[in-house]
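Here's input15.pdb, which has PDB, C-alpha atoms, pLDDT in the B column:
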ATOM      1  CA  MET A  23       0.000   0.000   0.000  1.00 52.00           C
ATOM      2  CA  GLY A  24       1.390   3.383  -0.945  1.00 61.00           C
ATOM      3  CA  THR A  25       1.553   6.435   1.161  1.00 86.00           C
ATOM      4  CA  LEU A  26      -1.394   8.762   1.492  1.00 86.00           C
ATOM      5  CA  ARG A  27       0.398  11.553  -0.353  1.00 90.00           C
ATOM      6  CA  GLN A  28       1.372   9.348  -3.311  1.00 91.00           C
ATOM      7  CA  ASP A  29      -2.116   7.837  -3.561  1.00 90.00           C
ATOM      8  CA  TYR A  30      -3.593  11.342  -3.571  1.00 92.00           C
ATOM      9  CA  LYS A  31      -1.240  12.406  -6.379  1.00 94.00           C
ATOM     10  CA  ASP A  32      -2.094   9.250  -8.346  1.00 94.00           C
ATOM     11  CA  TRP A  33      -5.814   9.925  -7.934  1.00 94.00           C
ATOM     12  CA  LYS A  34      -5.478  13.562  -9.054  1.00 96.00           C
ATOM     13  CA  LYS A  35      -3.476  12.472 -12.093  1.00 96.00           C
ATOM     14  CA  ALA A  36      -5.984   9.720 -12.971  1.00 96.00           C
ATOM     15  CA  LYS A  37      -8.876  12.154 -12.525  1.00 96.00           C
ATOM     16  CA  ALA A  38      -7.278  14.729 -14.849  1.00 96.00           C
ATOM     17  CA  GLU A  39      -6.539  12.042 -17.444  1.00 97.00           C
ATOM     18  CA  ALA A  40     -10.138  10.783 -17.312  1.00 96.00           C
ATOM     19  CA  GLU A  41     -11.511  14.297 -17.747  1.00 97.00           C
ATOM     20  CA  TYR A  42      -9.197  14.882 -20.702  1.00 97.00           C
ATOM     21  CA  CYS A  43     -10.228  11.616 -22.396  1.00 95.00           C
ATOM     22  CA  VAL A  44     -13.947  12.225 -21.876  1.00 94.00           C
ATOM     23  CA  ASN A  45     -13.632  15.792 -23.181  1.00 95.00           C
ATOM     24  CA  ALA A  46     -11.694  14.572 -26.239  1.00 95.00           C
ATOM     25  CA  MET A  47     -14.399  11.998 -26.951  1.00 92.00           C
ATOM     26  CA  ASP A  48     -17.203  14.555 -26.552  1.00 90.00           C
ATOM     27  CA  THR A  49     -15.411  17.138 -28.697  1.00 93.00           C
ATOM     28  CA  PHE A  50     -14.867  14.622 -31.476  1.00 92.00           C
ATOM     29  CA  GLN A  51     -18.501  13.528 -31.287  1.00 88.00           C
ATOM     30  CA  GLN A  52     -19.611  17.120 -31.683  1.00 88.00           C
ATOM     31  CA  SER A  53     -17.271  17.567 -34.651  1.00 90.00           C
ATOM     32  CA  ILE A  54     -18.797  14.641 -36.568  1.00 88.00           C
ATOM     33  CA  GLU A  55     -22.389  15.356 -35.558  1.00 86.00           C
ATOM     34  CA  VAL A  56     -24.533  16.366 -38.506  1.00 86.00           C
ATOM     35  CA  LYS A  57     -27.358  18.867 -38.055  1.00 85.00           C
ATOM     36  CA  LEU A  58     -30.281  17.538 -40.046  1.00 84.00           C
ATOM     37  CA  PRO A  59     -33.436  19.295 -41.125  1.00 85.00           C
ATOM     38  CA  TYR A  60     -36.302  18.606 -38.752  1.00 82.00           C
ATOM     39  CA  GLU A  61     -38.155  16.293 -41.155  1.00 84.00           C
ATOM     40  CA  GLU A  62     -35.110  14.078 -41.806  1.00 86.00           C
ATOM     41  CA  TRP A  63     -34.301  13.989 -38.084  1.00 84.00           C
ATOM     42  CA  CYS A  64     -37.876  12.796 -37.437  1.00 85.00           C
ATOM     43  CA  ARG A  65     -37.537  10.068 -40.104  1.00 88.00           C
ATOM     44  CA  ASN A  66     -34.361   8.814 -38.419  1.00 87.00           C
ATOM     45  CA  PHE A  67     -36.074   8.940 -35.027  1.00 86.00           C
ATOM     46  CA  GLU A  68     -38.938   6.869 -36.438  1.00 88.00           C
ATOM     47  CA  LYS A  69     -36.441   4.299 -37.779  1.00 87.00           C
ATOM     48  CA  ILE A  70     -34.895   3.962 -34.323  1.00 86.00           C
ATOM     49  CA  GLU A  71     -38.314   3.692 -32.724  1.00 87.00           C
ATOM     50  CA  THR A  72     -39.403   1.035 -35.247  1.00 88.00           C
ATOM     51  CA  PHE A  73     -36.210  -0.934 -34.639  1.00 86.00           C
ATOM     52  CA  CYS A  74     -36.785  -0.903 -30.876  1.00 85.00           C
ATOM     53  CA  LYS A  75     -40.411  -1.992 -31.221  1.00 86.00           C
ATOM     54  CA  MET A  76     -39.514  -4.829 -33.596  1.00 85.00           C
ATOM     55  CA  MET A  77     -36.677  -6.056 -31.361  1.00 83.00           C
ATOM     56  CA  GLU A  78     -38.919  -5.979 -28.280  1.00 84.00           C
ATOM     57  CA  ALA A  79     -40.534  -9.239 -29.413  1.00 80.00           C
ATOM     58  CA  TYR A  80     -37.091 -10.903 -29.492  1.00 79.00           C
ATOM     59  CA  LYS A  81     -35.718  -9.662 -26.166  1.00 78.00           C
ATOM     60  CA  GLU A  82     -36.268 -13.017 -24.406  1.00 80.00           C
ATOM     61  CA  TYR A  83     -34.035 -14.657 -27.027  1.00 79.00           C
ATOM     62  CA  ALA A  84     -31.099 -12.361 -26.244  1.00 77.00           C
ATOM     63  CA  ASN A  85     -29.926 -13.952 -22.987  1.00 80.00           C
ATOM     64  CA  ASP A  86     -30.700 -17.586 -23.755  1.00 81.00           C
ATOM     65  CA  PRO A  87     -27.625 -19.298 -25.290  1.00 82.00           C
ATOM     66  CA  LYS A  88     -29.848 -21.621 -27.348  1.00 84.00           C
ATOM     67  CA  THR A  89     -31.719 -18.802 -29.060  1.00 82.00           C
ATOM     68  CA  HIS A  90     -29.085 -16.062 -29.033  1.00 82.00           C
ATOM     69  CA  SER A  91     -28.167 -16.757 -32.671  1.00 85.00           C
ATOM     70  CA  LYS A  92     -31.798 -16.210 -33.694  1.00 83.00           C
ATOM     71  CA  PHE A  93     -31.766 -12.885 -31.847  1.00 84.00           C
ATOM     72  CA  MET A  94     -28.534 -11.845 -33.567  1.00 85.00           C
ATOM     73  CA  GLU A  95     -29.878 -12.807 -37.008  1.00 86.00           C
ATOM     74  CA  ARG A  96     -32.946 -10.677 -36.465  1.00 85.00           C
ATOM     75  CA  TYR A  97     -30.827  -7.837 -35.063  1.00 84.00           C
ATOM     76  CA  ASP A  98     -28.504  -7.879 -38.084  1.00 86.00           C
ATOM     77  CA  VAL A  99     -31.358  -7.833 -40.594  1.00 85.00           C
ATOM     78  CA  LEU A 100     -33.234  -5.010 -38.879  1.00 85.00           C
ATOM     79  CA  ALA A 101     -30.135  -2.953 -38.079  1.00 84.00           C
ATOM     80  CA  LYS A 102     -28.986  -3.052 -41.698  1.00 82.00           C
ATOM     81  CA  LEU A 103     -32.468  -2.165 -42.896  1.00 82.00           C
ATOM     82  CA  LEU A 104     -33.231   0.579 -40.363  1.00 82.00           C
ATOM     83  CA  ARG A 105     -29.857   2.239 -39.855  1.00 82.00           C
ATOM     84  CA  SER A 106     -29.801   6.009 -39.728  1.00 82.00           C
ATOM     85  CA  SER A 107     -28.481   8.349 -42.364  1.00 79.00           C
ATOM     86  CA  THR A 108     -25.543   9.357 -40.131  1.00 82.00           C
ATOM     87  CA  CYS A 109     -23.912   8.273 -36.855  1.00 82.00           C
ATOM     88  CA  PHE A 110     -24.726  11.341 -34.731  1.00 83.00           C
ATOM     89  CA  MET A 111     -27.684  13.493 -35.675  1.00 81.00           C
ATOM     90  CA  GLY A 112     -28.574  16.862 -34.288  1.00 78.00           C
ATOM     91  CA  CYS A 113     -31.702  18.701 -35.270  1.00 72.00           C
ATOM     92  CA  ARG A 114     -32.299  22.068 -36.804  1.00 65.00           C
ATOM     93  CA  SER A 115     -35.672  22.563 -35.176  1.00 57.00           C
ATOM     94  CA  PRO A 116     -38.197  24.916 -36.730  1.00 55.00           C
ATOM     95  CA  PHE A 117     -39.168  25.947 -33.165  1.00 52.00           C
ATOM     96  CA  SER A 118     -35.685  26.653 -31.813  1.00 49.00           C
ATOM     97  CA  ALA A 119     -35.594  30.202 -33.179  1.00 45.00           C
ATOM     98  CA  TYR A 120     -38.727  31.236 -31.311  1.00 43.00           C
ATOM     99  CA  PRO A 121     -38.722  32.309 -27.661  1.00 44.00           C
ATOM    100  CA  TRP A 122     -41.865  30.251 -27.018  1.00 39.00           C
ATOM    101  CA  SER A 123     -40.094  27.008 -27.992  1.00 43.00           C
ATOM    102  CA  LYS A 124     -39.427  26.281 -24.314  1.00 44.00           C
ATOM    103  CA  PHE A 125     -43.174  25.637 -23.869  1.00 42.00           C
ATOM    104  CA  PHE A 126     -43.045  22.683 -26.272  1.00 44.00           C
ATOM    105  CA  GLY A 127     -41.001  20.502 -23.949  1.00 46.00           C
ATOM    106  CA  GLU A 128     -37.463  19.487 -24.775  1.00 48.00           C
ATOM    107  CA  ASP A 129     -35.806  21.843 -27.214  1.00 49.00           C
ATOM    108  CA  LEU A 130     -34.872  19.688 -30.203  1.00 47.00           C
ATOM    109  CA  LYS A 131     -31.843  21.773 -31.141  1.00 48.00           C
ATOM    110  CA  ASP A 132     -29.944  20.158 -28.236  1.00 54.00           C
ATOM    111  CA  THR A 133     -31.147  16.615 -28.917  1.00 68.00           C
ATOM    112  CA  THR A 134     -28.608  14.284 -30.490  1.00 78.00           C
ATOM    113  CA  LEU A 135     -29.691  10.928 -31.849  1.00 80.00           C
ATOM    114  CA  ARG A 136     -27.347   8.026 -32.476  1.00 82.00           C
ATOM    115  CA  CYS A 137     -27.587   5.424 -35.188  1.00 83.00           C
ATOM    116  CA  ILE A 138     -28.739   2.065 -33.818  1.00 81.00           C
ATOM    117  CA  ASN A 139     -25.347   0.590 -34.690  1.00 80.00           C
ATOM    118  CA  ASN A 140     -23.575   3.221 -32.585  1.00 80.00           C
ATOM    119  CA  ARG A 141     -24.023   2.563 -28.880  1.00 77.00           C
ATOM    120  CA  ASP A 142     -23.627   4.971 -25.976  1.00 73.00           C
ATOM    121  CA  ASN A 143     -20.550   3.143 -24.673  1.00 71.00           C
ATOM    122  CA  GLY A 144     -18.721   3.739 -27.968  1.00 71.00           C
ATOM    123  CA  GLU A 145     -19.070   0.224 -29.321  1.00 76.00           C
ATOM    124  CA  ILE A 146     -20.112  -0.191 -32.924  1.00 77.00           C
ATOM    125  CA  THR A 147     -21.251  -3.162 -34.942  1.00 75.00           C
ATOM    126  CA  GLU A 148     -18.665  -2.938 -37.692  1.00 76.00           C
ATOM    127  CA  HIS A 149     -20.222  -5.352 -40.192  1.00 79.00           C
ATOM    128  CA  LEU A 150     -23.459  -3.361 -40.034  1.00 80.00           C
ATOM    129  CA  CYS A 151     -21.705  -0.051 -40.629  1.00 78.00           C
ATOM    130  CA  ASP A 152     -20.047  -1.017 -43.901  1.00 74.00           C
ATOM    131  CA  GLY A 153     -20.952   1.433 -46.605  1.00 74.00           C
ATOM    132  CA  CYS A 154     -21.475   4.250 -44.120  1.00 78.00           C
ATOM    133  CA  GLY A 155     -19.730   7.444 -45.139  1.00 78.00           C
ATOM    134  CA  LYS A 156     -18.779   8.219 -41.531  1.00 78.00           C
ATOM    135  CA  PHE A 157     -17.198   4.822 -40.797  1.00 80.00           C
ATOM    136  CA  LYS A 158     -13.612   6.114 -40.427  1.00 83.00           C
ATOM    137  CA  GLU A 159     -14.731   8.847 -38.044  1.00 85.00           C
ATOM    138  CA  LEU A 160     -16.782   6.321 -36.098  1.00 84.00           C
ATOM    139  CA  VAL A 161     -13.751   4.052 -35.688  1.00 85.00           C
ATOM    140  CA  LYS A 162     -11.807   6.998 -34.244  1.00 89.00           C
ATOM    141  CA  TYR A 163     -14.739   7.765 -31.928  1.00 89.00           C
ATOM    142  CA  GLN A 164     -14.742   4.129 -30.818  1.00 88.00           C
ATOM    143  CA  MET A 165     -11.030   4.399 -29.963  1.00 91.00           C
ATOM    144  CA  LEU A 166     -11.611   7.606 -27.989  1.00 92.00           C
ATOM    145  CA  ALA A 167     -14.515   5.991 -26.131  1.00 91.00           C
ATOM    146  CA  ALA A 168     -12.341   2.992 -25.212  1.00 92.00           C
ATOM    147  CA  ASN A 169      -9.616   5.365 -23.959  1.00 94.00           C
ATOM    148  CA  ALA A 170     -12.176   7.249 -21.865  1.00 94.00           C
ATOM    149  CA  LYS A 171     -13.548   4.022 -20.415  1.00 94.00           C
ATOM    150  CA  SER A 172     -10.114   2.752 -19.390  1.00 95.00           C
ATOM    151  CA  ALA A 173      -9.175   6.168 -17.952  1.00 96.00           C
ATOM    152  CA  LEU A 174     -12.364   6.196 -15.869  1.00 95.00           C
ATOM    153  CA  GLU A 175     -11.560   2.691 -14.619  1.00 96.00           C
ATOM    154  CA  ARG A 176      -8.046   3.821 -13.637  1.00 96.00           C
ATOM    155  CA  GLN A 177      -9.574   6.805 -11.866  1.00 96.00           C
ATOM    156  CA  ASN A 178     -11.888   4.519  -9.872  1.00 95.00           C
ATOM    157  CA  VAL A 179      -8.988   2.254  -8.887  1.00 95.00           C
ATOM    158  CA  ALA A 180      -6.938   5.256  -7.738  1.00 94.00           C
ATOM    159  CA  LYS A 181      -9.947   6.561  -5.830  1.00 93.00           C
ATOM    160  CA  MET A 182     -10.352   3.230  -4.036  1.00 92.00           C
ATOM    161  CA  MET A 183      -6.636   3.173  -3.161  1.00 90.00           C
ATOM    162  CA  LEU A 184      -6.994   6.645  -1.681  1.00 88.00           C
ATOM    163  CA  ALA A 185     -10.189   5.725   0.171  1.00 88.00           C
ATOM    164  CA  ASN A 186      -8.448   2.720   1.739  1.00 86.00           C
ATOM    165  CA  HIS A 187      -6.412   5.131   3.869  1.00 82.00           C
ATOM    166  CA  PHE A 188      -9.602   6.371   5.512  1.00 82.00           C
ATOM    167  CA  ARG A 189     -11.324   3.084   6.277  1.00 78.00           C
ATOM    168  CA  ILE A 190     -11.723   2.437   9.997  1.00 67.00           C
ATOM    169  CA  PHE A 191     -11.416  -1.346   9.836  1.00 63.00           C
ATOM    170  CA  LYS A 192      -8.861  -2.624   7.369  1.00 61.00           C
ATOM    171  CA  ILE A 193      -9.081  -6.218   6.245  1.00 62.00           C
ATOM    172  CA  LYS A 194      -5.687  -7.905   6.225  1.00 57.00           C
TER     173      LYS A 194
END

Can you dump the structure from the file as structure tokens?
Amino acid sequence: MGTLRQDYKDWKKAKAEAEYCVNAMDTFQQSIEVKLPYEEWCRNFEKIETFCKMMEAYKEYANDPKTHSKFMERYDVLAKLLRSSTCFMGCRSPFSAYPWSKFFGEDLKDTTLRCINNRDNGEITEHLCDGCGKFKELVKYQMLAANAKSALERQNVAKMMLANHFRIFKIK
């Protein structure tokens, strides 16, 4: 076990690294986000909604090893058919220019959709993204997301090492 001072320095360094990696990932995401006209954004939203509704019937197949292949077949077919026009989609809302837009609920100009093949944790389904014009950018985003995930894990480990100095009962 290290000293309290060294563990504190390690935690501060890990925290700064995690913040840097997350900011780099977010900045890159914003740079490849495409602002779509409201109608096209709605069409992509409907595709995502349709995909989710159609996969709902197959959710019990996902965790069963015997039927997992059937789930994946269905997923592949629907994901290829219903993928979005771009990986990250912002919206140019017709209401965002008006001061009364706040009365319509969530302001769509700040809403970013993701393609169904592009998950929140940065993972992508590469064989379903072939032919996408943003594939190279998405691979870089995936790398940045993996870096951010590992940096956050290192931060948590450093935090636990630091917290061990303050536990009343230490297990030996």

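For the atom pair formed by atom CA of A:Asn186 and atom CA of A:Asp32, the distance is 13.6 Å, given to one decimal.
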
Residues within 8 Å of stretch 76-82 of chain A, all atoms listed in the file, excluding chain neighbours under 4 positions, as a CSV table (one decimal) with C-alpha atoms, keeping the file's coordinate frame:
chain,number,residue,atom,x,y,z
A,72,THR,CA,-39.4,1.0,-35.2
A,86,ASP,CA,-30.7,-17.6,-23.8
A,93,PHE,CA,-31.8,-12.9,-31.8
A,96,ARG,CA,-32.9,-10.7,-36.5
A,97,TYR,CA,-30.8,-7.8,-35.1

Across A:Lys75, A:His149, A:Lys156, A:Lys69, the smallest distance to A:Cys109, with only C-alpha atoms counted, is shown by A:Lys156

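Applied to this file, the PyMOL selection byres ((chain A and resi 171) around 12) selects the residues Glu39, Ala40, Glu41, Tyr42, Cys43, Val44, Met47, Asp142, Asn143, Gly144, Glu145, Gln164, Met165, Leu166, Ala167, Ala168, Asn169, Ala170, Ser172, Ala173, Leu174, Glu175, Arg176, Gln177 and Asn178 of chain A.
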
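Taking all atoms listed in the file into account, A:Leu135 lies nearest to A:Cys113 out of the set A:Leu104, A:Cys113, A:Ala84, A:Ala46.
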
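In this comparison, which uses all atoms listed in the file, the residue of A:His187, A:Leu150, A:Phe110, A:Cys137 approaching A:Leu26 most closely is A:His187.
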
Between atom CA of A:Arg105 and atom CA of A:Asn45, what distance in Å does the model show, to one decimal? 26.9 Å

Atom CA of A:Glu148 and atom CA of A:Gln51 are how many Å apart? 17.7 Å
